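S.K.: Before I ask anything, here is the structure I am working with.
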Amino acid sequence: MKKTVLITGAAGGIGKQTALFFADKGWNVIATMLSLEEADDLKFHPNIQCYELDVISTISISNAKDAILKNNKKIDVIINNAGVGYRSFVELSEDSKINDIVAINWLGVVKICRAFIPLFRAQKSGQFINITSVAGLVNLPLGNFYHSTKQAVESFSECMAYELFDLNIKVCTVQFGNAPTSFQKNVTKCPETSVKSYNELMKKVSDVLQKKSNKNTNLTPLIIRKLYHIAENRIKNLDDIQSDLMLIL
């Protein structure tokens with residue numbers, strides 16, 4: 001029987017490429033995204049089903065879950081991949097941008113896990129793979145909000161891993177650096193300001209991160225293969241939780 005994986009934020013970047021990789025390996029892939037207009041070529045793959053799902057909306061998650069379970073009796077793995085970036089100085093940060101990144105990067109993971117734990121519990125098995133970032137382990141200028149949300153997912157995931165262990169529901173996180181996807185180009189940045197040092201630092205940080213992304217040409221396939229390896233090889237015992245929570249590429 002085919003295994004089934006649900007991937008959030010599958011319209012582009014790592015999410016889309018991971019969906020295609022798993023599908024080509026024979027997995028049944030549930031690719032979720034904000035709008036089916038973003039499904040692009042995913043919808044034509046015989047092993048991929050596309051669903052609309054907004055990770056910040058409890059109602060959207062519930063509706064998507066109902067629709068998904070009408071067509072799928074079991075889900076083996078959920079990859080919480082949806083995420084956004086926000087590069088801003090604290091002084092110049094905006095409430096709406098802070099709310100967005102917290103809602104998507106952290107609360108989105110919380111809400112997806114909360115919604116699907118009952119399914120995993122009924123199945124007596126399941127695995128969450130929560131994608132965080134090296135930014136969840138180290139701190140850089142202008143990463144105030146992105147780093148904070150990724151660190152929050154790290155802590156949330158470890159706590160949840162212990163509380164779900166006796167239910168045969170596994171949890172791990174995967175941290176990686178700047179992959180050559182569209183992510184850096186789509187990062188929201190605060191506007192230029194009259195503070196010269198702010199402008200100079202913004203340019204310097206943005207240039208460095210884009211340069212690293214362009215340099216890491218082989219990182220994306222490594223990340224995808226790591227996700228596939230974790231999905232195929234579940235955590236075996238309690239001692240493995242901490243090691244799998246610290247998988248860094």
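FYI, nothing fancy with the structure tokens labels: chains A, B, ... in order, residues from 1 per chain, ligands from 1 as they appear.
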So that I can check the surroundings of Gly85 (chain A), please list as a list in words every protein, DNA and RNA residue that reaches within 7 Å of it, counting only C-alpha atoms and ignoring chain neighbours fewer than 4 positions away.

M.R.: Ile101, Tyr146, Val187 and Thr188 of chain A

S.K.: When you look at Lys189 (chain A) with a cut-off of 6 Å (counting only C-alpha atoms), what residues show up, excluding the ones that are within fewer than 6 positions of it in the same chain? I need them as a ChimeraX atom specification.

M.R.: /A:86-88

S.K.: Restricted to all heavy atoms, what would the selected residues look like written as a JSON list (two decimals), in the first residue's frame?

M.R.:
```json
[["chain", "number", "residue", "atom", "x", "y", "z"],
["A", 86, "TYR", "N", 10.70, 37.76, 7.17],
["A", 86, "TYR", "CA", 10.49, 39.19, 7.43],
["A", 86, "TYR", "C", 11.80, 39.76, 7.97],
["A", 86, "TYR", "O", 12.25, 39.38, 9.05],
["A", 86, "TYR", "CB", 9.35, 39.39, 8.42],
["A", 86, "TYR", "CG", 9.07, 40.84, 8.78],
["A", 86, "TYR", "CD1", 9.15, 41.85, 7.83],
["A", 86, "TYR", "CD2", 8.70, 41.19, 10.08],
["A", 86, "TYR", "CE1", 8.88, 43.18, 8.15],
["A", 86, "TYR", "CE2", 8.42, 42.51, 10.43],
["A", 86, "TYR", "CZ", 8.51, 43.50, 9.46],
["A", 86, "TYR", "OH", 8.24, 44.81, 9.79],
["A", 87, "ARG", "N", 12.41, 40.65, 7.19],
["A", 87, "ARG", "CA", 13.70, 41.22, 7.57],
["A", 87, "ARG", "C", 13.49, 42.69, 7.94],
["A", 87, "ARG", "O", 13.25, 43.52, 7.07],
["A", 87, "ARG", "CB", 14.68, 41.08, 6.40],
["A", 87, "ARG", "CG", 16.14, 41.32, 6.76],
["A", 87, "ARG", "CD", 17.03, 40.95, 5.58],
["A", 87, "ARG", "NE", 16.83, 39.56, 5.20],
["A", 87, "ARG", "CZ", 16.96, 39.10, 3.95],
["A", 87, "ARG", "NH1", 17.28, 39.91, 2.98],
["A", 87, "ARG", "NH2", 16.76, 37.82, 3.71],
["A", 88, "SER", "N", 13.58, 42.97, 9.23],
["A", 88, "SER", "CA", 13.31, 44.34, 9.67],
["A", 88, "SER", "C", 14.05, 44.65, 10.97],
["A", 88, "SER", "O", 14.29, 43.77, 11.79],
["A", 88, "SER", "CB", 11.81, 44.53, 9.89],
["A", 88, "SER", "OG", 11.53, 45.82, 10.41]]
```

S.K.: Could you pull out the helix (DSSP H, G or I) residues of region 78-148 of chain A from DSSP and send them as a VMD selection string?

M.R.: chain A and resid 90 to 92 95 to 123 134 to 136 144 to 148

S.K.: Filtering to N, CA and C atoms, could you give me those residues as a tab-separated table (two decimals), in the first residue's frame?

M.R.:
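Here's the written file result18.tsv:
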```tsv
chain	number	residue	atom	x	y	z
A	90	VAL	N	13.95	46.22	14.62
A	90	VAL	CA	12.86	46.23	15.61
A	90	VAL	C	12.14	47.57	15.60
A	91	GLU	N	12.89	48.65	15.54
A	91	GLU	CA	12.32	49.99	15.56
A	91	GLU	C	11.34	50.23	14.41
A	92	LEU	N	11.61	49.59	13.27
A	92	LEU	CA	10.83	49.83	12.06
A	92	LEU	C	9.80	48.73	11.78
A	95	ASP	N	3.22	45.90	12.94
A	95	ASP	CA	2.37	44.90	13.60
A	95	ASP	C	1.87	43.84	12.62
A	96	SER	N	1.39	44.28	11.47
A	96	SER	CA	0.81	43.34	10.52
A	96	SER	C	1.84	42.32	10.03
A	97	LYS	N	3.08	42.78	9.81
A	97	LYS	CA	4.13	41.88	9.34
A	97	LYS	C	4.56	40.91	10.44
A	98	ILE	N	4.63	41.41	11.67
A	98	ILE	CA	4.97	40.55	12.81
A	98	ILE	C	3.88	39.50	13.00
A	99	ASN	N	2.64	39.94	12.94
A	99	ASN	CA	1.52	39.00	13.10
A	99	ASN	C	1.53	37.92	12.02
A	100	ASP	N	1.85	38.32	10.80
A	100	ASP	CA	1.87	37.36	9.69
A	100	ASP	C	2.93	36.28	9.89
A	101	ILE	N	4.14	36.70	10.24
A	101	ILE	CA	5.22	35.72	10.33
A	101	ILE	C	5.03	34.79	11.53
A	102	VAL	N	4.49	35.33	12.62
A	102	VAL	CA	4.19	34.48	13.78
A	102	VAL	C	3.06	33.50	13.45
A	103	ALA	N	2.03	34.02	12.77
A	103	ALA	CA	0.88	33.19	12.43
A	103	ALA	C	1.23	32.07	11.47
A	104	ILE	N	2.09	32.33	10.52
A	104	ILE	CA	2.44	31.32	9.52
A	104	ILE	C	3.54	30.39	10.02
A	105	ASN	N	4.65	30.97	10.46
A	105	ASN	CA	5.83	30.16	10.79
A	105	ASN	C	5.69	29.34	12.06
A	106	TRP	N	5.01	29.89	13.06
A	106	TRP	CA	4.87	29.16	14.32
A	106	TRP	C	3.46	28.64	14.55
A	107	LEU	N	2.48	29.55	14.61
A	107	LEU	CA	1.12	29.10	14.89
A	107	LEU	C	0.59	28.18	13.80
A	108	GLY	N	1.06	28.36	12.57
A	108	GLY	CA	0.65	27.46	11.50
A	108	GLY	C	1.04	26.02	11.79
A	109	VAL	N	2.25	25.84	12.30
A	109	VAL	CA	2.72	24.50	12.68
A	109	VAL	C	1.87	23.96	13.83
A	110	VAL	N	1.63	24.81	14.82
A	110	VAL	CA	0.82	24.42	15.98
A	110	VAL	C	-0.56	23.96	15.53
A	111	LYS	N	-1.20	24.75	14.68
A	111	LYS	CA	-2.58	24.45	14.28
A	111	LYS	C	-2.67	23.19	13.41
A	112	ILE	N	-1.71	22.98	12.54
A	112	ILE	CA	-1.71	21.77	11.73
A	112	ILE	C	-1.52	20.54	12.61
A	113	CYS	N	-0.58	20.60	13.53
A	113	CYS	CA	-0.34	19.47	14.44
A	113	CYS	C	-1.59	19.21	15.29
A	114	ARG	N	-2.15	20.26	15.85
A	114	ARG	CA	-3.34	20.12	16.68
A	114	ARG	C	-4.48	19.46	15.91
A	115	ALA	N	-4.64	19.82	14.65
A	115	ALA	CA	-5.74	19.29	13.84
A	115	ALA	C	-5.56	17.82	13.49
A	116	PHE	N	-4.32	17.39	13.30
A	116	PHE	CA	-4.10	16.04	12.79
A	116	PHE	C	-3.64	15.03	13.85
A	117	ILE	N	-3.32	15.50	15.05
A	117	ILE	CA	-2.99	14.55	16.12
A	117	ILE	C	-4.11	13.54	16.35
A	118	PRO	N	-5.39	13.95	16.39
A	118	PRO	CA	-6.46	12.96	16.58
A	118	PRO	C	-6.47	11.86	15.51
A	119	LEU	N	-6.15	12.23	14.27
A	119	LEU	CA	-6.08	11.23	13.20
A	119	LEU	C	-4.94	10.25	13.47
A	120	PHE	N	-3.77	10.78	13.79
A	120	PHE	CA	-2.61	9.92	14.09
A	120	PHE	C	-2.90	9.03	15.29
A	121	ARG	N	-3.57	9.59	16.29
A	121	ARG	CA	-3.89	8.82	17.49
A	121	ARG	C	-4.84	7.67	17.15
A	122	ALA	N	-5.83	7.94	16.30
A	122	ALA	CA	-6.77	6.89	15.89
A	122	ALA	C	-6.07	5.82	15.05
A	123	GLN	N	-5.11	6.26	14.24
A	123	GLN	CA	-4.34	5.32	13.41
A	123	GLN	C	-3.34	4.52	14.23
A	134	VAL	N	18.41	26.72	10.24
A	134	VAL	CA	19.61	27.01	11.02
A	134	VAL	C	19.36	28.30	11.82
A	135	ALA	N	18.47	29.14	11.30
A	135	ALA	CA	18.10	30.38	11.99
A	135	ALA	C	17.40	30.11	13.31
A	136	GLY	N	16.98	28.87	13.54
A	136	GLY	CA	16.40	28.53	14.82
A	136	GLY	C	17.45	28.18	15.85
A	144	ASN	N	15.40	39.14	13.68
A	144	ASN	CA	14.66	39.16	14.94
A	144	ASN	C	13.40	38.29	14.92
A	145	PHE	N	12.60	38.44	13.89
A	145	PHE	CA	11.29	37.80	13.85
A	145	PHE	C	11.35	36.40	13.24
A	146	TYR	N	12.11	36.26	12.18
A	146	TYR	CA	12.25	34.94	11.55
A	146	TYR	C	12.93	33.95	12.50
A	147	HIS	N	14.04	34.37	13.08
A	147	HIS	CA	14.76	33.50	14.01
A	147	HIS	C	13.89	33.12	15.20
A	148	SER	N	13.17	34.08	15.73
A	148	SER	CA	12.33	33.83	16.90
A	148	SER	C	11.26	32.77	16.60
```

S.K.: Please provide the set of residues having any atom within 9 Å of Arg234 (chain A), restricted to only C-alpha atoms, with same-chain residues fewer than 3 positions apart removed, written as a VMD selection string.

M.R.: chain A and resid 127 170 229 to 231

S.K.: Those same residues, written as an mmCIF file, in the first residue's frame with all heavy atoms?

M.R.:
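What ended up in selection_0.cif:
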```cif
data_model
loop_
_atom_site.group_PDB
_atom_site.id
_atom_site.type_symbol
_atom_site.label_atom_id
_atom_site.label_comp_id
_atom_site.auth_asym_id
_atom_site.auth_seq_id
_atom_site.Cartn_x
_atom_site.Cartn_y
_atom_site.Cartn_z
ATOM 1 N N GLN A 127 3.694 10.674 11.790
ATOM 2 C CA GLN A 127 4.946 11.406 11.995
ATOM 3 C C GLN A 127 4.810 12.846 11.502
ATOM 4 O O GLN A 127 4.333 13.097 10.393
ATOM 5 C CB GLN A 127 6.098 10.723 11.251
ATOM 6 C CG GLN A 127 7.450 11.394 11.477
ATOM 7 C CD GLN A 127 8.586 10.644 10.803
ATOM 8 O OE1 GLN A 127 8.409 10.063 9.750
ATOM 9 N NE2 GLN A 127 9.750 10.644 11.431
ATOM 10 N N LYS A 170 5.407 10.282 16.033
ATOM 11 C CA LYS A 170 6.786 10.749 16.061
ATOM 12 C C LYS A 170 6.881 12.200 15.587
ATOM 13 O O LYS A 170 6.101 12.653 14.751
ATOM 14 C CB LYS A 170 7.664 9.866 15.178
ATOM 15 C CG LYS A 170 7.486 8.371 15.422
ATOM 16 C CD LYS A 170 7.709 7.981 16.867
ATOM 17 C CE LYS A 170 7.560 6.478 17.069
ATOM 18 N NZ LYS A 170 7.669 6.076 18.482
ATOM 19 N N HIS A 229 14.341 10.450 3.630
ATOM 20 C CA HIS A 229 14.966 9.442 4.503
ATOM 21 C C HIS A 229 14.253 9.398 5.863
ATOM 22 O O HIS A 229 13.985 8.315 6.388
ATOM 23 C CB HIS A 229 16.443 9.770 4.713
ATOM 24 C CG HIS A 229 17.127 8.883 5.703
ATOM 25 N ND1 HIS A 229 17.524 7.595 5.407
ATOM 26 C CD2 HIS A 229 17.479 9.091 7.009
ATOM 27 C CE1 HIS A 229 18.076 7.042 6.480
ATOM 28 N NE2 HIS A 229 18.065 7.937 7.457
ATOM 29 N N ILE A 230 13.947 10.559 6.420
ATOM 30 C CA ILE A 230 13.256 10.606 7.711
ATOM 31 C C ILE A 230 11.868 9.991 7.593
ATOM 32 O O ILE A 230 11.430 9.231 8.463
ATOM 33 C CB ILE A 230 13.150 12.063 8.216
ATOM 34 C CG1 ILE A 230 14.539 12.627 8.509
ATOM 35 C CG2 ILE A 230 12.282 12.135 9.479
ATOM 36 C CD1 ILE A 230 14.543 14.110 8.782
ATOM 37 N N ALA A 231 11.172 10.310 6.513
ATOM 38 C CA ALA A 231 9.823 9.783 6.313
ATOM 39 C C ALA A 231 9.824 8.265 6.165
ATOM 40 O O ALA A 231 8.916 7.579 6.638
ATOM 41 C CB ALA A 231 9.186 10.424 5.084
#
```

S.K.: Residues at most 9 Å from Lys3 (chain A), counting only C-alpha atoms, excluding those fewer than 6 positions away in the same chain, as a VMD selection string?

M.R.: chain A and resid 26 to 29 74 to 77

S.K.: Which of region 13-241 of chain A counts as strand (DSSP E) under DSSP, as a PyMOL selection string please?

M.R.: chain A and resi 28-33+48-52+77-80+86-87+126-131+169-175+188-189

S.K.: If you count only C-alpha atoms, which residues fall within 9 Å of Glu38 (chain A), apart from same-chain ones fewer than 6 positions away, as a ChimeraX atom specification?

M.R.: /A:10-12

S.K.: Find the residue from A:Cys50, A:Val55, A:Ala67, A:Ala31 that sits nearest to Val84 (chain A); use only C-alpha atoms when measuring.

M.R.: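 Of all the options, A:Val55 lies closest to Val84 (chain A).
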